[in-house]
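Containing mmCIF, C-alpha atoms and all ligand atoms: structure18.cif.
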```
data_protein
#
loop_
_atom_site.label_atom_id
_atom_site.label_comp_id
_atom_site.auth_asym_id
_atom_site.auth_seq_id
_atom_site.Cartn_x
_atom_site.Cartn_y
_atom_site.Cartn_z
CA MET A 1 115.13 90.93 126.26
CA ASN A 2 115.49 93.94 124.01
CA ASP A 3 115.47 92.88 120.37
CA SER A 4 115.09 96.38 118.96
CA TYR A 5 118.54 96.02 117.36
CA LEU A 6 116.92 93.55 114.95
CA LEU A 7 115.23 96.37 113.05
CA GLN A 8 117.33 98.97 111.29
CA SER A 9 115.14 102.04 111.25
CA ARG A 10 115.30 105.73 110.43
CA ARG A 11 113.30 108.22 112.45
CA ILE A 12 112.61 111.67 111.01
CA GLU A 13 111.27 114.12 113.56
CA GLY A 14 109.56 117.21 112.26
CA THR A 15 110.03 120.53 113.96
CA GLN A 16 106.25 120.93 114.16
CA PRO A 17 103.80 118.70 116.05
CA GLY A 18 101.83 116.03 114.23
CA PRO A 19 101.16 112.28 114.13
CA HIS A 20 103.68 109.46 114.17
CA LEU A 21 103.60 107.44 110.94
CA LEU A 22 105.39 104.07 110.74
CA ILE A 23 106.26 102.52 107.35
CA PHE A 24 107.50 98.93 106.91
CA GLY A 25 109.03 97.20 103.89
CA GLY A 26 110.61 93.78 103.61
CA VAL A 27 108.40 91.85 106.02
CA HIS A 28 109.01 89.30 103.27
CA GLY A 29 112.66 89.11 102.20
CA ASP A 30 112.03 88.80 98.45
CA GLU A 31 109.82 91.88 97.96
CA PHE A 32 112.03 94.61 96.61
CA GLU A 33 110.00 97.66 95.52
CA PRO A 34 109.12 98.49 99.16
CA MET A 35 112.75 98.43 100.30
CA ALA A 36 113.95 100.77 97.54
CA ALA A 37 110.95 103.08 97.96
CA ILE A 38 111.34 103.49 101.73
CA ARG A 39 115.02 104.34 101.39
CA ARG A 40 113.92 107.05 98.94
CA VAL A 41 111.16 108.30 101.26
CA ALA A 42 113.85 108.66 103.96
CA LYS A 43 115.41 111.45 101.89
CA GLU A 44 112.14 113.31 101.28
CA PRO A 45 110.58 115.14 104.21
CA GLN A 46 112.75 117.95 105.52
CA PRO A 47 112.32 118.11 109.33
CA SER A 48 111.60 121.84 109.07
CA ARG A 49 108.67 121.07 106.74
CA LEU A 50 107.42 117.97 108.51
CA ARG A 51 104.55 117.98 111.00
CA GLY A 52 104.99 114.95 113.22
CA THR A 53 107.36 111.98 113.03
CA VAL A 54 108.04 109.31 110.42
CA THR A 55 109.71 106.02 111.35
CA LEU A 56 110.95 104.01 108.38
CA VAL A 57 112.04 100.36 108.36
CA PRO A 58 113.01 99.46 104.76
CA VAL A 59 113.90 95.80 105.47
CA VAL A 60 112.01 94.42 108.46
CA ASN A 61 113.06 90.83 107.75
CA GLU A 62 116.76 91.20 107.07
CA PRO A 63 117.60 87.50 107.62
CA ALA A 64 115.08 86.60 104.90
CA PHE A 65 116.36 89.35 102.59
CA LEU A 66 119.94 88.11 102.94
CA ARG A 67 118.77 84.64 101.88
CA GLY A 68 116.90 86.17 98.93
CA GLN A 69 113.76 84.45 100.12
CA ARG A 70 110.35 85.21 101.59
CA MET A 71 111.26 83.70 104.94
CA ALA A 72 114.27 83.38 107.23
CA ASP A 73 115.86 79.99 107.81
CA ASP A 74 113.52 79.04 110.65
CA GLY A 75 110.89 78.59 107.92
CA LEU A 76 108.31 80.85 109.60
CA ASP A 77 106.37 83.37 107.54
CA LEU A 78 106.75 86.65 109.45
CA ALA A 79 103.34 87.73 108.14
CA ARG A 80 101.81 84.76 110.00
CA THR A 81 103.98 85.12 113.13
CA PHE A 82 102.97 88.53 114.52
CA PRO A 83 103.00 89.49 117.38
CA GLY A 84 105.96 87.12 117.74
CA ARG A 85 107.61 86.49 121.07
CA PRO A 86 110.80 87.47 122.84
CA GLY A 87 113.37 84.72 123.10
CA GLY A 88 111.81 82.78 120.22
CA SER A 89 113.26 81.95 116.82
CA ILE A 90 114.65 84.77 114.67
CA THR A 91 111.31 85.38 112.92
CA GLU A 92 109.41 85.36 116.22
CA ARG A 93 111.87 87.84 117.72
CA ILE A 94 111.62 90.16 114.70
CA GLY A 95 107.82 89.93 114.99
CA HIS A 96 108.02 90.88 118.64
CA ALA A 97 110.29 93.89 118.03
CA ALA A 98 108.23 95.03 115.03
CA SER A 99 104.99 94.73 117.03
CA ALA A 100 106.35 97.15 119.63
CA LEU A 101 106.99 99.70 116.87
CA ILE A 102 103.47 99.25 115.47
CA ARG A 103 101.83 99.74 118.87
CA GLY A 104 103.86 102.92 119.36
CA ALA A 105 102.71 104.52 116.09
CA ASP A 106 99.61 106.60 115.31
CA PHE A 107 99.35 105.33 111.72
CA PHE A 108 100.98 102.39 109.97
CA ILE A 109 101.74 101.40 106.36
CA ASP A 110 103.11 97.93 105.47
CA LEU A 111 104.47 97.71 101.91
CA HIS A 112 104.62 94.36 100.11
CA ALA A 113 105.05 92.99 96.59
CA GLY A 114 104.48 89.65 94.89
CA GLY A 115 107.88 88.21 95.84
CA THR A 116 109.88 85.93 93.58
CA THR A 117 106.95 83.70 92.66
CA MET A 118 103.95 85.99 92.20
CA ALA A 119 102.79 89.18 90.53
CA VAL A 120 100.04 91.29 92.14
CA LEU A 121 97.96 94.15 90.79
CA PRO A 122 98.88 97.37 92.59
CA LEU A 123 96.52 97.77 95.51
CA ALA A 124 96.11 99.37 98.91
CA GLY A 125 94.29 97.16 101.39
CA TYR A 126 92.96 97.32 104.92
CA MET A 127 91.00 95.24 107.42
CA LEU A 128 87.29 95.93 107.87
CA HIS A 129 87.92 97.12 111.42
CA ALA A 130 85.08 96.85 113.95
CA ASN A 131 85.81 100.38 115.19
CA ALA A 132 84.12 102.79 112.76
CA THR A 133 86.61 105.60 113.38
CA VAL A 134 89.62 103.37 112.71
CA LEU A 135 87.91 101.89 109.64
CA ASP A 136 87.17 105.33 108.25
CA GLN A 137 90.80 106.41 108.75
CA GLN A 138 92.01 103.24 107.02
CA ARG A 139 89.69 103.82 104.06
CA ARG A 140 91.03 107.34 103.73
CA MET A 141 94.66 106.22 103.95
CA ALA A 142 94.11 103.51 101.32
CA ARG A 143 92.43 105.96 98.93
CA ALA A 144 95.05 108.61 99.58
CA PHE A 145 97.87 106.18 98.74
CA ASN A 146 96.38 106.37 95.22
CA LEU A 147 97.00 102.93 93.68
CA PRO A 148 94.41 101.59 91.18
CA ILE A 149 92.70 99.16 93.59
CA VAL A 150 91.45 99.81 97.12
CA TRP A 151 90.53 96.58 98.88
CA GLY A 152 88.96 96.13 102.31
CA THR A 153 88.96 92.57 103.66
CA SER A 154 88.17 90.51 106.73
CA SER A 155 89.43 91.78 110.07
CA GLU A 156 89.65 88.20 111.38
CA LEU A 157 93.04 87.25 109.93
CA GLU A 158 95.69 86.65 112.59
CA GLY A 159 99.48 86.77 112.59
CA ARG A 160 99.76 89.82 110.33
CA SER A 161 101.37 93.15 111.09
CA LEU A 162 97.88 94.50 110.49
CA SER A 163 96.51 92.14 113.18
CA VAL A 164 98.78 93.88 115.71
CA ALA A 165 97.67 97.29 114.45
CA ARG A 166 94.00 96.20 114.61
CA ASP A 167 94.32 95.08 118.23
CA ALA A 168 96.02 98.37 119.15
CA ASN A 169 93.47 100.46 117.20
CA VAL A 170 96.29 101.90 115.04
CA PRO A 171 94.86 102.76 111.60
CA ALA A 172 96.82 100.66 109.11
CA ILE A 173 97.00 99.77 105.43
CA TYR A 174 99.12 97.37 103.40
CA CYS A 175 100.05 97.69 99.75
CA GLU A 176 100.99 95.31 96.96
CA TYR A 177 102.84 96.04 93.73
CA GLN A 178 103.77 93.49 91.03
CA GLY A 179 106.76 91.40 92.12
CA SER A 180 108.12 88.38 90.19
CA GLY A 181 111.48 88.78 91.89
CA ILE A 182 112.43 92.07 90.25
CA CYS A 183 112.32 95.68 91.39
CA ARG A 184 110.36 97.83 88.95
CA GLU A 185 111.15 101.54 88.92
CA GLU A 186 107.47 102.31 88.29
CA GLY A 187 106.61 100.42 91.47
CA VAL A 188 109.27 102.19 93.50
CA ALA A 189 108.04 105.56 92.22
CA ALA A 190 104.39 104.68 92.93
CA TYR A 191 105.29 103.61 96.47
CA VAL A 192 107.29 106.78 97.17
CA ASP A 193 104.38 108.85 95.88
CA GLY A 194 101.87 106.78 97.85
CA CYS A 195 103.69 107.23 101.15
CA LEU A 196 103.94 110.98 100.58
CA ASN A 197 100.27 111.10 99.54
CA VAL A 198 99.28 109.49 102.84
CA MET A 199 101.52 111.91 104.74
CA ARG A 200 99.76 114.72 102.90
CA SER A 201 96.34 113.33 103.83
CA LEU A 202 97.44 113.16 107.48
CA GLY A 203 98.50 116.80 107.37
CA MET A 204 102.19 115.95 107.81
CA VAL A 205 103.54 117.47 104.59
CA ASP A 206 102.40 119.99 102.01
CA ARG A 207 102.32 118.78 98.43
CA PRO A 208 99.88 119.10 95.56
CA ALA A 209 96.97 116.66 95.45
CA PRO A 210 97.70 114.02 92.80
CA PRO A 211 95.18 113.20 90.06
CA ASP A 212 92.91 110.44 91.43
CA ALA A 213 94.31 107.08 90.22
CA VAL A 214 91.85 104.84 92.11
CA GLN A 215 89.87 102.72 89.62
CA LEU A 216 88.19 100.14 91.82
CA VAL A 217 87.09 100.12 95.46
CA ALA A 218 85.99 96.73 96.80
CA GLU A 219 85.12 95.52 100.28
CA ASP A 220 84.74 91.82 101.05
CA PRO A 221 83.85 90.90 104.65
CA ARG A 222 84.00 87.10 104.15
CA PRO A 223 86.18 85.53 106.87
CA SER A 224 89.10 84.42 104.68
CA SER A 225 89.04 87.36 102.26
CA GLY A 226 92.45 88.94 101.96
CA HIS A 227 94.20 85.63 102.55
CA LEU A 228 95.96 85.41 99.21
CA GLN A 229 97.63 82.05 99.76
CA ILE A 230 94.57 79.78 99.75
CA ASN A 231 93.07 80.47 96.32
CA ASN A 232 93.10 78.23 93.22
CA PRO A 233 95.69 75.77 94.55
CA SER A 234 97.79 73.69 92.19
CA PRO A 235 96.54 70.07 92.05
CA MET A 236 100.08 68.67 91.73
CA ASP A 237 103.79 69.37 91.60
CA GLY A 238 104.77 70.52 88.13
CA PHE A 239 105.26 73.29 85.59
CA PHE A 240 102.66 76.07 85.55
CA GLU A 241 101.77 77.94 82.39
CA PRO A 242 99.22 80.73 82.87
CA ALA A 243 96.48 81.24 80.28
CA VAL A 244 95.54 84.70 81.59
CA ARG A 245 97.34 87.95 82.28
CA LEU A 246 97.41 90.00 85.44
CA GLY A 247 94.51 92.45 85.48
CA GLU A 248 92.46 90.49 82.90
CA HIS A 249 88.75 89.89 83.48
CA VAL A 250 87.77 86.22 83.67
CA ALA A 251 84.41 84.47 83.99
CA ALA A 252 83.76 81.43 86.19
CA GLY A 253 84.89 78.37 84.23
CA ASP A 254 87.50 80.22 82.13
CA LEU A 255 90.89 78.54 81.86
CA LEU A 256 93.42 80.11 84.25
CA GLY A 257 96.33 77.93 83.20
CA SER A 258 97.70 74.42 83.28
CA VAL A 259 100.17 72.39 85.30
CA SER A 260 102.22 69.72 83.49
CA ASP A 261 104.51 66.94 84.60
CA ALA A 262 108.02 66.72 83.11
CA LEU A 263 107.06 65.09 79.81
CA GLY A 264 103.63 66.71 79.55
CA ASP A 265 101.89 63.32 79.79
CA ARG A 266 99.77 64.56 82.65
CA VAL A 267 98.32 68.03 82.25
CA GLU A 268 95.90 69.49 84.81
CA ARG A 269 93.88 72.39 83.50
CA MET A 270 92.83 74.94 86.10
CA HIS A 271 89.53 76.73 85.64
CA SER A 272 88.48 79.80 87.53
CA ARG A 273 85.90 79.27 90.23
CA GLU A 274 85.00 82.94 90.25
CA SER A 275 84.27 85.80 87.86
CA GLY A 276 86.37 88.91 88.25
CA LEU A 277 89.78 90.44 87.86
CA VAL A 278 93.05 88.48 87.94
CA LEU A 279 94.45 90.14 91.07
CA LEU A 280 97.39 87.83 91.69
CA LEU A 281 99.08 85.42 89.29
CA ARG A 282 101.86 82.95 89.79
CA THR A 283 104.80 83.87 87.55
CA PHE A 284 107.40 81.34 88.78
CA PRO A 285 106.76 78.21 86.69
CA ARG A 286 107.72 75.52 89.19
CA VAL A 287 104.76 74.82 91.45
CA LEU A 288 104.14 72.38 94.27
CA ALA A 289 100.76 70.83 95.00
CA GLY A 290 98.70 73.34 96.98
CA ASP A 291 100.58 76.45 95.80
CA THR A 292 98.31 79.34 94.84
CA LEU A 293 98.18 79.81 91.06
CA ALA A 294 95.89 82.84 90.89
CA VAL A 295 93.59 85.00 92.96
CA ILE A 296 90.46 86.44 91.35
CA LEU A 297 89.02 89.63 92.75
CA GLU A 298 85.29 89.13 92.42
CA THR A 299 84.12 92.35 90.87
CA GLY A 300 80.60 91.56 91.98
CA ALA A 301 81.87 92.64 95.40
CA ALA A 302 82.95 96.01 94.02
CA LYS A 303 81.36 99.20 95.26
ZN ZN B 1 104.68 90.23 101.41
#
```

Could you take the file, read its structure, and then write that structure out as structure tokens?
Ligand SMILES: [Zn+2]
Amino acid sequence: MNDSYLLQSRRIEGTQPGPHLLIFGGVHGDEFEPMAAIRRVAKEPQPSRLRGTVTLVPVVNEPAFLRGQRMADDGLDLARTFPGRPGGSITERIGHAASALIRGADFFIDLHAGGTTMAVLPLAGYMLHANATVLDQQRRMARAFNLPIVWGTSSELEGRSLSVARDANVPAIYCEYQGSGICREEGVAAYVDGCLNVMRSLGMVDRPAPPDAVQLVAEDPRPSSGHLQINNPSPMDGFFEPAVRLGEHVAAGDLLGSVSDALGDRVERMHSRESGLVLLLRTFPRVLAGDTLAVILETGAAK
């Protein structure tokens, strides 16, 4: 079964030879900066000035986007469903079609944002790939993208677009930028620039080198590192009020925020288990027990 119709894509073929770069946005339907940025990137490289091919998919998960939510109505998180399967539910079929695109590319970028419920510090991340050549290319792509944080994490996570790229030895990075359900122009602009910076580093386009914006490079090989949804879970359903700001430094034991019931009779105070930088912070006040409230990037792991 050919499900390629599921992915609306634009392919720009340069008149000169070069690599094939694939860029995804909207793997999650409520992450908007990537979608706007990729549509803008589609207008950038003139085929006569492009070495190689760029394939752009601004909204990988259109059923989720149309619902205004992270996931489509089968309730599966596409970023846990790769490589998907033909003939499965809508998310599984999208995963299958998207996996074929990833395996056919030479390099891959997957753009994300915090979605409606979270805000994330701008970062470019990659898996700590077992193949040294692939790992080195990923490190270079992540640095070239030129966001403030470069973050290498466990290569053991499954179900991601990057898991498919890992298994196919396609050098791949993902990026995060703010979120909270809005589309910031600064994020769109940073993503457009980042994609073009990577294309420059791959020799696909000519453009001036940007001033280096990377502030922190961290690599964390622990098995669940990079899994942003399992950190500092809410102890109960309720109303979350953060006590920290995104990007702030916290020490272990510092108050991250509190969760209250309707009348405020029960208040659970959440203290940080780690010292480091507030990398991800819940911004949507309604929380359910187990929801991630914050992720701390342990700066002790920084290089
Ligand atoms: Zn996402």

Given the point (94.7, 94.4, 113.4) in the coordinates of this file, which residues lie within 10 Å, counting only C-alpha atoms, and how would they look as a list in words?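 Collected hits near the coordinates: Tyr126, Met127, Leu128, His129, Ala130, Ser155, Glu156, Leu157, Glu158, Gly159, Arg160, Ser161, Leu162, Ser163, Val164, Ala165, Arg166, Asp167, Ala168, Asn169, Val170, Pro171, Ala172 and Ile173 of chain A.
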
Give as an MDAnalysis selection string the residues surrounding ligand ZN 1 (chain B) up to a distance of 12 Å, considering only C-alpha atoms and all ligand atoms. chainID A and resid 24:35 59:61 64:65 69:71 77:80 110:120 160:161 174:181 227:229

One decimal, in Å: what's the spacing between CA of Gln137 (chain A) and CA of Ala36 (chain A)?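 These atoms are spaced 26.3 Å apart.
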
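We find CA of Ala37 (chain A) and CA of Ala144 (chain A) to be spaced 16.9 Å apart.
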
CA of Ser154 (chain A) and CA of Met141 (chain A) are how many Å apart?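 For CA of Ser154 (chain A) relative to CA of Met141 (chain A), the distance reads 17.2 Å.
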
For region 234-241 of chain A, find every residue with an atom within 6 Å (counting only C-alpha atoms), except residues of its own chain fewer than 5 positions away, and show them as a compact mmCIF listing (two decimals) with C-alpha atoms, keeping the file's coordinate frame.
```txt
# COMPACT_ATOMS: atom_id res chain seq x y z
CA GLY A 257 96.33 77.93 83.20
CA SER A 258 97.70 74.42 83.28
CA VAL A 259 100.17 72.39 85.30
CA SER A 260 102.22 69.72 83.49
CA ASP A 261 104.51 66.94 84.60
CA PRO A 285 106.76 78.21 86.69
CA ARG A 286 107.72 75.52 89.19
CA VAL A 287 104.76 74.82 91.45
CA LEU A 288 104.14 72.38 94.27
CA ALA A 289 100.76 70.83 95.00
CA GLY A 290 98.70 73.34 96.98
CA ASP A 291 100.58 76.45 95.80
```

Within 9 Å of (97.7, 82.8, 91.8) in the file's own coordinates, which protein, DNA or RNA residues have an atom, counting all atoms listed in the file? List them as a PyMOL selection string. chain A and resi 118-120+228-229+231-233+278-283+291-296

Which residue, A:Ala98, A:Leu56, A:Leu76, A:Leu297, has the smallest gap to Trp151 (chain A) when you use only C-alpha atoms?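 That would be A:Leu297, the residue with the smallest distance to Trp151 (chain A).
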
Across A:Pro122, A:Gly152, A:Pro45, A:Gly95, the smallest distance to Glu186 (chain A), with all atoms listed in the file counted, is shown by A:Pro122
